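As structure tokens, the structure follows; a few thoughts come after it.
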Amino acid sequence: MCKVEINTKKGDELKLLMFLVESYENEFYPIDEPDSICAIKFRTEQLGLYNV
């Protein structure tokens, strides 16, 4: 990861780039909120906990 000082030209450029990428992703690749039950099942599987 690069280290950029805030309130510098590079910092402002990075902030603008992050804003543009986030706006693009939100418009063209939105991510819906997960269903609560599905999220819990997914996490329990990740932890290796299975309903027997």
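Residues in the structure tokens are numbered from 1 in each chain, the chains being A, B, ... in the order shown, and ligands are numbered from 1 in the order shown.
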Could you give me, as JSON, numbers by chain, each residue of chain A that DSSP assigns to helix (DSSP H, G or I) when run on this structure's backbone?
{"A": [9, 10, 11, 12, 13, 14, 15, 16, 17, 18, 19, 20, 21, 22, 23, 24, 25, 26, 27, 28, 36, 37, 38, 39, 40, 41, 42, 43, 44, 45, 46]}
